[in-house]
Amino acid sequence: DIVMTQSPDSLAVSLGERATINCKSSQSVLYSSNNKNYLAWYQQKPGQPPKLLIYWASTRESGVPDRFSGSGSGTDFTLTISSLQAEDVAVYCCQQYYTTPITFGQGTRLEIK
Amino acid sequence: QVQLVQSGAEVKKPGASVKVSCKASGYTFTNHYIHWVRQAPGQGLEWMGIINPNSGSTAYAQKLQGRVTMTGDTSSSTVYMELSSLRSEDTAVYYCAREKVPGTPFYYMDVWGKGTTVTVSS
């Protein structure tokens, strides 16, 4: 199974500042035949189901604010929130879909400093 | 609007079985695979498996093979997840989630049910 490891486990950022969350896969999730990274990011607020933010490592889901962006390739990926808003307080997790079983990172808790 | 509505919370004794339902609406039910994902208290997300509502074909996480069964009913646009031989470690919130890309499995999930809490306790 591909192990997804996120860092840090928790993060406190001031309102309006940049937040950066990292995700590392135990093997590459880049499929060479189409040059796509099989990686998604989700946001989960307390008591709610996850919400899809990003897929193909950098494609923003419809309706997701453009302050959210994804980058990276191969085994190392980053979710960036360019200017933190109060409503962004949540747990963020990455997911690989390169191979089954689908696996998720352990999650990063984002709070306001 | 597109939504997945799950059945209510369950409390079960160790060794029992639980069956959770997930009713889809707002889209063509047979066009999208449905995943099941669970989340133990304070833990991350764990993928359990996937069902093709059109054909009924399934794929399960190896860890749960033999204990999990996913089925679908096209007449009611509902999928079901049954987990047997329950143990305390199965206590979790169980989510159904729609595969975003029509007709393909094993990608990413764009619509989620609100979750069903299953508690296993003697």
# chains A, B, ... in the order shown; residues from 1 in each chain; ligands from 1

call {"tool": "residues_around", "arguments": {"residues": "B:Met109", "least_positions_apart": "6", "cutoff": "8 Å", "atoms": "only C-alpha atoms", "output": "PyMOL selection string"}}
result
(chain A and resi 52) or (chain B and resi 35+97-100)

call {"tool": "interface_residues", "arguments": {"of": "chain B", "to": "chain A", "cutoff": "10 Å", "atoms": "only C-alpha atoms", "output": "PDB file with all heavy atoms, in the first residue's frame"}}
result
ATOM      1  N   VAL B  37     -15.953   4.973   2.884  1.00  0.00           N
ATOM      2  CA  VAL B  37     -14.776   5.418   3.626  1.00  0.00           C
ATOM      3  C   VAL B  37     -15.174   5.526   5.093  1.00  0.00           C
ATOM      4  O   VAL B  37     -16.282   5.990   5.387  1.00  0.00           O
ATOM      5  CB  VAL B  37     -14.299   6.804   3.108  1.00  0.00           C
ATOM      6  CG1 VAL B  37     -13.129   7.317   3.942  1.00  0.00           C
ATOM      7  CG2 VAL B  37     -13.913   6.725   1.635  1.00  0.00           C
ATOM      8  N   GLN B  39     -14.020   6.546   9.299  1.00  0.00           N
ATOM      9  CA  GLN B  39     -13.136   7.380  10.099  1.00  0.00           C
ATOM     10  C   GLN B  39     -13.359   7.055  11.573  1.00  0.00           C
ATOM     11  O   GLN B  39     -14.405   7.394  12.131  1.00  0.00           O
ATOM     12  CB  GLN B  39     -13.401   8.863   9.822  1.00  0.00           C
ATOM     13  CG  GLN B  39     -12.441   9.815  10.482  1.00  0.00           C
ATOM     14  CD  GLN B  39     -12.600  11.235   9.960  1.00  0.00           C
ATOM     15  OE1 GLN B  39     -13.710  11.676   9.656  1.00  0.00           O
ATOM     16  NE2 GLN B  39     -11.492  11.962   9.843  1.00  0.00           N
ATOM     17  N   GLN B  43      -9.259   9.823  14.237  1.00  0.00           N
ATOM     18  CA  GLN B  43      -8.322   9.223  13.282  1.00  0.00           C
ATOM     19  C   GLN B  43      -8.531   9.758  11.866  1.00  0.00           C
ATOM     20  O   GLN B  43      -9.448  10.548  11.613  1.00  0.00           O
ATOM     21  CB  GLN B  43      -8.474   7.705  13.287  1.00  0.00           C
ATOM     22  CG  GLN B  43      -8.272   7.068  14.642  1.00  0.00           C
ATOM     23  CD  GLN B  43      -6.874   7.307  15.182  1.00  0.00           C
ATOM     24  OE1 GLN B  43      -5.877   7.065  14.501  1.00  0.00           O
ATOM     25  NE2 GLN B  43      -6.785   7.791  16.419  1.00  0.00           N
ATOM     26  N   GLY B  44      -7.679   9.295  10.967  1.00  0.00           N
ATOM     27  CA  GLY B  44      -7.788   9.687   9.568  1.00  0.00           C
ATOM     28  C   GLY B  44      -8.811   8.843   8.824  1.00  0.00           C
ATOM     29  O   GLY B  44      -9.498   8.002   9.392  1.00  0.00           O
ATOM     30  N   LEU B  45      -8.879   9.089   7.524  1.00  0.00           N
ATOM     31  CA  LEU B  45      -9.837   8.413   6.670  1.00  0.00           C
ATOM     32  C   LEU B  45      -9.268   7.075   6.182  1.00  0.00           C
ATOM     33  O   LEU B  45      -8.085   6.977   5.848  1.00  0.00           O
ATOM     34  CB  LEU B  45     -10.175   9.300   5.473  1.00  0.00           C
ATOM     35  CG  LEU B  45     -10.800  10.651   5.825  1.00  0.00           C
ATOM     36  CD1 LEU B  45     -10.783  11.574   4.608  1.00  0.00           C
ATOM     37  CD2 LEU B  45     -12.220  10.464   6.319  1.00  0.00           C
ATOM     38  N   GLU B  46     -10.140   6.070   6.140  1.00  0.00           N
ATOM     39  CA  GLU B  46      -9.754   4.738   5.673  1.00  0.00           C
ATOM     40  C   GLU B  46     -10.707   4.303   4.574  1.00  0.00           C
ATOM     41  O   GLU B  46     -11.919   4.200   4.795  1.00  0.00           O
ATOM     42  CB  GLU B  46      -9.773   3.723   6.822  1.00  0.00           C
ATOM     43  CG  GLU B  46      -9.407   2.317   6.386  1.00  0.00           C
ATOM     44  CD  GLU B  46      -9.578   1.290   7.502  1.00  0.00           C
ATOM     45  OE1 GLU B  46     -10.196   1.585   8.536  1.00  0.00           O
ATOM     46  OE2 GLU B  46      -9.078   0.164   7.317  1.00  0.00           O
ATOM     47  N   TRP B  47     -10.164   4.031   3.384  1.00  0.00           N
ATOM     48  CA  TRP B  47     -10.973   3.562   2.268  1.00  0.00           C
ATOM     49  C   TRP B  47     -11.344   2.110   2.473  1.00  0.00           C
ATOM     50  O   TRP B  47     -10.493   1.262   2.776  1.00  0.00           O
ATOM     51  CB  TRP B  47     -10.181   3.726   0.975  1.00  0.00           C
ATOM     52  CG  TRP B  47     -10.894   3.339  -0.278  1.00  0.00           C
ATOM     53  CD1 TRP B  47     -11.832   4.076  -0.942  1.00  0.00           C
ATOM     54  CD2 TRP B  47     -10.712   2.135  -1.031  1.00  0.00           C
ATOM     55  NE1 TRP B  47     -12.238   3.403  -2.073  1.00  0.00           N
ATOM     56  CE2 TRP B  47     -11.568   2.217  -2.148  1.00  0.00           C
ATOM     57  CE3 TRP B  47      -9.910   1.004  -0.880  1.00  0.00           C
ATOM     58  CZ2 TRP B  47     -11.648   1.199  -3.102  1.00  0.00           C
ATOM     59  CZ3 TRP B  47      -9.978  -0.002  -1.822  1.00  0.00           C
ATOM     60  CH2 TRP B  47     -10.853   0.102  -2.918  1.00  0.00           C
ATOM     61  N   MET B  48     -12.651   1.813   2.318  1.00  0.00           N
ATOM     62  CA  MET B  48     -13.141   0.458   2.551  1.00  0.00           C
ATOM     63  C   MET B  48     -13.376  -0.309   1.255  1.00  0.00           C
ATOM     64  O   MET B  48     -13.212  -1.533   1.208  1.00  0.00           O
ATOM     65  CB  MET B  48     -14.450   0.514   3.327  1.00  0.00           C
ATOM     66  CG  MET B  48     -14.358   1.184   4.681  1.00  0.00           C
ATOM     67  SD  MET B  48     -15.956   1.250   5.489  1.00  0.00           S
ATOM     68  CE  MET B  48     -16.256  -0.496   5.793  1.00  0.00           C
ATOM     69  N   GLY B  49     -13.809   0.411   0.225  1.00  0.00           N
ATOM     70  CA  GLY B  49     -14.106  -0.286  -1.018  1.00  0.00           C
ATOM     71  C   GLY B  49     -14.980   0.563  -1.911  1.00  0.00           C
ATOM     72  O   GLY B  49     -15.282   1.724  -1.613  1.00  0.00           O
ATOM     73  N   ALA B  59     -15.046  -3.820  -5.331  1.00  0.00           N
ATOM     74  CA  ALA B  59     -13.649  -4.044  -4.958  1.00  0.00           C
ATOM     75  C   ALA B  59     -13.502  -3.583  -3.523  1.00  0.00           C
ATOM     76  O   ALA B  59     -13.989  -2.499  -3.167  1.00  0.00           O
ATOM     77  CB  ALA B  59     -12.695  -3.277  -5.870  1.00  0.00           C
ATOM     78  N   TYR B  60     -12.877  -4.435  -2.704  1.00  0.00           N
ATOM     79  CA  TYR B  60     -12.783  -4.151  -1.284  1.00  0.00           C
ATOM     80  C   TYR B  60     -11.339  -4.010  -0.847  1.00  0.00           C
ATOM     81  O   TYR B  60     -10.430  -4.620  -1.417  1.00  0.00           O
ATOM     82  CB  TYR B  60     -13.424  -5.278  -0.466  1.00  0.00           C
ATOM     83  CG  TYR B  60     -14.869  -5.572  -0.800  1.00  0.00           C
ATOM     84  CD1 TYR B  60     -15.318  -6.886  -0.969  1.00  0.00           C
ATOM     85  CD2 TYR B  60     -15.796  -4.548  -0.951  1.00  0.00           C
ATOM     86  CE1 TYR B  60     -16.643  -7.164  -1.264  1.00  0.00           C
ATOM     87  CE2 TYR B  60     -17.126  -4.816  -1.251  1.00  0.00           C
ATOM     88  CZ  TYR B  60     -17.538  -6.121  -1.409  1.00  0.00           C
ATOM     89  OH  TYR B  60     -18.851  -6.393  -1.711  1.00  0.00           O
ATOM     90  N   ALA B  61     -11.125  -3.236   0.209  1.00  0.00           N
ATOM     91  CA  ALA B  61      -9.813  -3.185   0.834  1.00  0.00           C
ATOM     92  C   ALA B  61      -9.490  -4.564   1.383  1.00  0.00           C
ATOM     93  O   ALA B  61     -10.346  -5.209   2.006  1.00  0.00           O
ATOM     94  CB  ALA B  61      -9.796  -2.146   1.947  1.00  0.00           C
ATOM     95  N   GLN B  62      -8.262  -4.992   1.160  1.00  0.00           N
ATOM     96  CA  GLN B  62      -7.880  -6.349   1.563  1.00  0.00           C
ATOM     97  C   GLN B  62      -8.102  -6.579   3.048  1.00  0.00           C
ATOM     98  O   GLN B  62      -8.496  -7.668   3.469  1.00  0.00           O
ATOM     99  CB  GLN B  62      -6.414  -6.593   1.192  1.00  0.00           C
ATOM    100  CG  GLN B  62      -5.977  -8.029   1.371  1.00  0.00           C
ATOM    101  CD  GLN B  62      -4.632  -8.314   0.724  1.00  0.00           C
ATOM    102  OE1 GLN B  62      -3.933  -7.409   0.262  1.00  0.00           O
ATOM    103  NE2 GLN B  62      -4.248  -9.569   0.681  1.00  0.00           N
ATOM    104  N   LYS B  63      -7.876  -5.538   3.826  1.00  0.00           N
ATOM    105  CA  LYS B  63      -8.027  -5.637   5.281  1.00  0.00           C
ATOM    106  C   LYS B  63      -9.435  -6.067   5.688  1.00  0.00           C
ATOM    107  O   LYS B  63      -9.623  -6.712   6.725  1.00  0.00           O
ATOM    108  CB  LYS B  63      -7.704  -4.268   5.886  1.00  0.00           C
ATOM    109  CG  LYS B  63      -7.992  -4.111   7.355  1.00  0.00           C
ATOM    110  CD  LYS B  63      -7.699  -2.697   7.806  1.00  0.00           C
ATOM    111  CE  LYS B  63      -8.079  -2.494   9.261  1.00  0.00           C
ATOM    112  NZ  LYS B  63      -7.838  -1.125   9.726  1.00  0.00           N
ATOM    113  N   VAL B  93     -17.219   6.587  12.071  1.00  0.00           N
ATOM    114  CA  VAL B  93     -18.211   7.193  11.192  1.00  0.00           C
ATOM    115  C   VAL B  93     -17.975   6.614   9.805  1.00  0.00           C
ATOM    116  O   VAL B  93     -16.837   6.612   9.311  1.00  0.00           O
ATOM    117  CB  VAL B  93     -18.085   8.732  11.166  1.00  0.00           C
ATOM    118  CG1 VAL B  93     -19.087   9.316  10.166  1.00  0.00           C
ATOM    119  CG2 VAL B  93     -18.311   9.311  12.550  1.00  0.00           C
ATOM    120  N   TYR B  94     -19.039   6.111   9.206  1.00  0.00           N
ATOM    121  CA  TYR B  94     -18.962   5.490   7.889  1.00  0.00           C
ATOM    122  C   TYR B  94     -19.585   6.448   6.876  1.00  0.00           C
ATOM    123  O   TYR B  94     -20.728   6.881   7.033  1.00  0.00           O
ATOM    124  CB  TYR B  94     -19.689   4.147   7.891  1.00  0.00           C
ATOM    125  CG  TYR B  94     -18.929   3.102   8.677  1.00  0.00           C
ATOM    126  CD1 TYR B  94     -18.912   3.130  10.076  1.00  0.00           C
ATOM    127  CD2 TYR B  94     -18.201   2.106   8.032  1.00  0.00           C
ATOM    128  CE1 TYR B  94     -18.179   2.193  10.794  1.00  0.00           C
ATOM    129  CE2 TYR B  94     -17.477   1.162   8.745  1.00  0.00           C
ATOM    130  CZ  TYR B  94     -17.471   1.215  10.127  1.00  0.00           C
ATOM    131  OH  TYR B  94     -16.742   0.286  10.838  1.00  0.00           O
ATOM    132  N   TYR B  95     -18.801   6.764   5.828  1.00  0.00           N
ATOM    133  CA  TYR B  95     -19.246   7.675   4.780  1.00  0.00           C
ATOM    134  C   TYR B  95     -19.396   6.924   3.454  1.00  0.00           C
ATOM    135  O   TYR B  95     -18.550   6.096   3.109  1.00  0.00           O
ATOM    136  CB  TYR B  95     -18.227   8.779   4.540  1.00  0.00           C
ATOM    137  CG  TYR B  95     -18.005   9.745   5.679  1.00  0.00           C
ATOM    138  CD1 TYR B  95     -16.872   9.659   6.483  1.00  0.00           C
ATOM    139  CD2 TYR B  95     -18.900  10.787   5.913  1.00  0.00           C
ATOM    140  CE1 TYR B  95     -16.646  10.561   7.505  1.00  0.00           C
ATOM    141  CE2 TYR B  95     -18.675  11.701   6.936  1.00  0.00           C
ATOM    142  CZ  TYR B  95     -17.552  11.586   7.729  1.00  0.00           C
ATOM    143  OH  TYR B  95     -17.329  12.493   8.737  1.00  0.00           O
ATOM    144  N   CYS B  96     -20.431   7.274   2.712  1.00  0.00           N
ATOM    145  CA  CYS B  96     -20.445   6.932   1.297  1.00  0.00           C
ATOM    146  C   CYS B  96     -20.057   8.198   0.541  1.00  0.00           C
ATOM    147  O   CYS B  96     -20.308   9.321   1.006  1.00  0.00           O
ATOM    148  CB  CYS B  96     -21.799   6.402   0.847  1.00  0.00           C
ATOM    149  SG  CYS B  96     -23.200   7.524   1.079  1.00  0.00           S
ATOM    150  N   ALA B  97     -19.421   8.024  -0.593  1.00  0.00           N
ATOM    151  CA  ALA B  97     -18.934   9.163  -1.363  1.00  0.00           C
ATOM    152  C   ALA B  97     -18.970   8.816  -2.840  1.00  0.00           C
ATOM    153  O   ALA B  97     -18.599   7.708  -3.234  1.00  0.00           O
ATOM    154  CB  ALA B  97     -17.510   9.527  -0.939  1.00  0.00           C
ATOM    155  N   LYS B 100     -16.129  11.142  -8.587  1.00  0.00           N
ATOM    156  CA  LYS B 100     -16.452  12.312  -9.413  1.00  0.00           C
ATOM    157  C   LYS B 100     -16.493  11.985 -10.909  1.00  0.00           C
ATOM    158  O   LYS B 100     -17.374  12.453 -11.632  1.00  0.00           O
ATOM    159  CB  LYS B 100     -15.440  13.441  -9.183  1.00  0.00           C
ATOM    160  CG  LYS B 100     -15.703  14.692 -10.027  1.00  0.00           C
ATOM    161  CD  LYS B 100     -14.713  15.791  -9.718  1.00  0.00           C
ATOM    162  CE  LYS B 100     -14.844  16.957 -10.682  1.00  0.00           C
ATOM    163  NZ  LYS B 100     -16.062  17.753 -10.415  1.00  0.00           N
ATOM    164  N   PRO B 105     -13.675   4.000 -11.784  1.00  0.00           N
ATOM    165  CA  PRO B 105     -13.489   3.776 -10.349  1.00  0.00           C
ATOM    166  C   PRO B 105     -12.160   4.333  -9.893  1.00  0.00           C
ATOM    167  O   PRO B 105     -11.333   4.748 -10.699  1.00  0.00           O
ATOM    168  CB  PRO B 105     -13.474   2.254 -10.266  1.00  0.00           C
ATOM    169  CG  PRO B 105     -12.803   1.849 -11.550  1.00  0.00           C
ATOM    170  CD  PRO B 105     -13.162   2.889 -12.592  1.00  0.00           C
ATOM    171  N   PHE B 106     -11.939   4.333  -8.590  1.00  0.00           N
ATOM    172  CA  PHE B 106     -10.610   4.542  -8.021  1.00  0.00           C
ATOM    173  C   PHE B 106     -10.000   5.904  -8.334  1.00  0.00           C
ATOM    174  O   PHE B 106      -8.799   6.005  -8.574  1.00  0.00           O
ATOM    175  CB  PHE B 106      -9.646   3.446  -8.487  1.00  0.00           C
ATOM    176  CG  PHE B 106     -10.160   2.056  -8.262  1.00  0.00           C
ATOM    177  CD1 PHE B 106     -10.178   1.144  -9.313  1.00  0.00           C
ATOM    178  CD2 PHE B 106     -10.619   1.655  -7.036  1.00  0.00           C
ATOM    179  CE1 PHE B 106     -10.658  -0.142  -9.115  1.00  0.00           C
ATOM    180  CE2 PHE B 106     -11.097   0.368  -6.819  1.00  0.00           C
ATOM    181  CZ  PHE B 106     -11.112  -0.533  -7.878  1.00  0.00           C
ATOM    182  N   TYR B 107     -10.823   6.946  -8.330  1.00  0.00           N
ATOM    183  CA  TYR B 107     -10.274   8.280  -8.484  1.00  0.00           C
ATOM    184  C   TYR B 107     -10.557   9.092  -7.235  1.00  0.00           C
ATOM    185  O   TYR B 107     -10.143   8.686  -6.139  1.00  0.00           O
ATOM    186  CB  TYR B 107     -10.819   8.945  -9.762  1.00  0.00           C
ATOM    187  CG  TYR B 107     -10.079   8.529 -11.020  1.00  0.00           C
ATOM    188  CD1 TYR B 107      -9.950   7.199 -11.383  1.00  0.00           C
ATOM    189  CD2 TYR B 107      -9.505   9.475 -11.865  1.00  0.00           C
ATOM    190  CE1 TYR B 107      -9.279   6.813 -12.525  1.00  0.00           C
ATOM    191  CE2 TYR B 107      -8.832   9.108 -13.013  1.00  0.00           C
ATOM    192  CZ  TYR B 107      -8.721   7.778 -13.338  1.00  0.00           C
ATOM    193  OH  TYR B 107      -8.033   7.419 -14.478  1.00  0.00           O
ATOM    194  N   TYR B 108     -11.239  10.207  -7.332  1.00  0.00           N
ATOM    195  CA  TYR B 108     -11.463  11.079  -6.190  1.00  0.00           C
ATOM    196  C   TYR B 108     -12.962  11.311  -6.025  1.00  0.00           C
ATOM    197  O   TYR B 108     -13.752  11.064  -6.924  1.00  0.00           O
ATOM    198  CB  TYR B 108     -10.707  12.413  -6.369  1.00  0.00           C
ATOM    199  CG  TYR B 108     -10.729  12.922  -7.784  1.00  0.00           C
ATOM    200  CD1 TYR B 108     -11.740  13.753  -8.229  1.00  0.00           C
ATOM    201  CD2 TYR B 108      -9.745  12.536  -8.692  1.00  0.00           C
ATOM    202  CE1 TYR B 108     -11.784  14.181  -9.537  1.00  0.00           C
ATOM    203  CE2 TYR B 108      -9.776  12.969 -10.008  1.00  0.00           C
ATOM    204  CZ  TYR B 108     -10.800  13.780 -10.418  1.00  0.00           C
ATOM    205  OH  TYR B 108     -10.839  14.198 -11.718  1.00  0.00           O
ATOM    206  N   MET B 109     -13.327  11.801  -4.834  1.00  0.00           N
ATOM    207  CA  MET B 109     -14.730  11.790  -4.421  1.00  0.00           C
ATOM    208  C   MET B 109     -15.258  13.198  -4.255  1.00  0.00           C
ATOM    209  O   MET B 109     -14.710  13.980  -3.460  1.00  0.00           O
ATOM    210  CB  MET B 109     -14.824  11.030  -3.093  1.00  0.00           C
ATOM    211  CG  MET B 109     -14.208   9.632  -3.195  1.00  0.00           C
ATOM    212  SD  MET B 109     -13.509   9.087  -1.630  1.00  0.00           S
ATOM    213  CE  MET B 109     -12.169   8.036  -2.173  1.00  0.00           C
ATOM    214  N   ASP B 110     -16.334  13.511  -4.980  1.00  0.00           N
ATOM    215  CA  ASP B 110     -16.787  14.895  -4.987  1.00  0.00           C
ATOM    216  C   ASP B 110     -18.053  15.158  -4.173  1.00  0.00           C
ATOM    217  O   ASP B 110     -18.336  16.311  -3.843  1.00  0.00           O
ATOM    218  CB  ASP B 110     -17.000  15.388  -6.424  1.00  0.00           C
ATOM    219  CG  ASP B 110     -18.157  14.698  -7.144  1.00  0.00           C
ATOM    220  OD1 ASP B 110     -18.510  13.562  -6.761  1.00  0.00           O
ATOM    221  OD2 ASP B 110     -18.685  15.298  -8.100  1.00  0.00           O
ATOM    222  N   VAL B 111     -18.825  14.133  -3.883  1.00  0.00           N
ATOM    223  CA  VAL B 111     -20.041  14.302  -3.083  1.00  0.00           C
ATOM    224  C   VAL B 111     -20.015  13.249  -1.991  1.00  0.00           C
ATOM    225  O   VAL B 111     -19.815  12.061  -2.287  1.00  0.00           O
ATOM    226  CB  VAL B 111     -21.318  14.145  -3.937  1.00  0.00           C
ATOM    227  CG1 VAL B 111     -22.560  14.317  -3.061  1.00  0.00           C
ATOM    228  CG2 VAL B 111     -21.328  15.155  -5.082  1.00  0.00           C
ATOM    229  N   TRP B 112     -20.228  13.686  -0.764  1.00  0.00           N
ATOM    230  CA  TRP B 112     -20.158  12.789   0.390  1.00  0.00           C
ATOM    231  C   TRP B 112     -21.483  12.798   1.153  1.00  0.00           C
ATOM    232  O   TRP B 112     -22.142  13.845   1.262  1.00  0.00           O
ATOM    233  CB  TRP B 112     -19.044  13.232   1.345  1.00  0.00           C
ATOM    234  CG  TRP B 112     -17.653  13.098   0.802  1.00  0.00           C
ATOM    235  CD1 TRP B 112     -17.107  13.778  -0.257  1.00  0.00           C
ATOM    236  CD2 TRP B 112     -16.628  12.243   1.297  1.00  0.00           C
ATOM    237  NE1 TRP B 112     -15.799  13.393  -0.445  1.00  0.00           N
ATOM    238  CE2 TRP B 112     -15.471  12.463   0.500  1.00  0.00           C
ATOM    239  CE3 TRP B 112     -16.539  11.318   2.358  1.00  0.00           C
ATOM    240  CZ2 TRP B 112     -14.264  11.780   0.715  1.00  0.00           C
ATOM    241  CZ3 TRP B 112     -15.341  10.654   2.576  1.00  0.00           C
ATOM    242  CH2 TRP B 112     -14.222  10.884   1.757  1.00  0.00           C
ATOM    243  N   GLY B 113     -21.839  11.641   1.691  1.00  0.00           N
ATOM    244  CA  GLY B 113     -22.931  11.612   2.647  1.00  0.00           C
ATOM    245  C   GLY B 113     -22.480  12.250   3.956  1.00  0.00           C
ATOM    246  O   GLY B 113     -21.288  12.502   4.152  1.00  0.00           O
ATOM    247  N   LYS B 114     -23.410  12.518   4.836  1.00  0.00           N
ATOM    248  CA  LYS B 114     -23.093  13.164   6.113  1.00  0.00           C
ATOM    249  C   LYS B 114     -22.432  12.208   7.116  1.00  0.00           C
ATOM    250  O   LYS B 114     -21.908  12.645   8.134  1.00  0.00           O
ATOM    251  CB  LYS B 114     -24.338  13.770   6.746  1.00  0.00           C
ATOM    252  CG  LYS B 114     -24.884  14.981   6.001  1.00  0.00           C
ATOM    253  CD  LYS B 114     -25.994  15.634   6.803  1.00  0.00           C
ATOM    254  CE  LYS B 114     -26.710  16.706   6.029  1.00  0.00           C
ATOM    255  NZ  LYS B 114     -25.939  17.795   5.567  1.00  0.00           N
ATOM    256  N   GLY B 115     -22.487  10.920   6.803  1.00  0.00           N
ATOM    257  CA  GLY B 115     -21.852   9.942   7.672  1.00  0.00           C
ATOM    258  C   GLY B 115     -22.847   9.231   8.573  1.00  0.00           C
ATOM    259  O   GLY B 115     -23.879   9.801   8.956  1.00  0.00           O
TER     260      GLY B 115
END

call {"tool": "closest_residue", "arguments": {"among": "B:Gln6, B:Thr104, B:Thr78, B:Ser122", "to": "B:Val20", "atoms": "only C-alpha atoms"}}
result
B:Gln6

call {"tool": "residues_around", "arguments": {"residues": "A:Arg67", "least_positions_apart": "5", "cutoff": "8 Å", "atoms": "only C-alpha atoms", "output": "ChimeraX atom specification"}}
result
/A:80-83
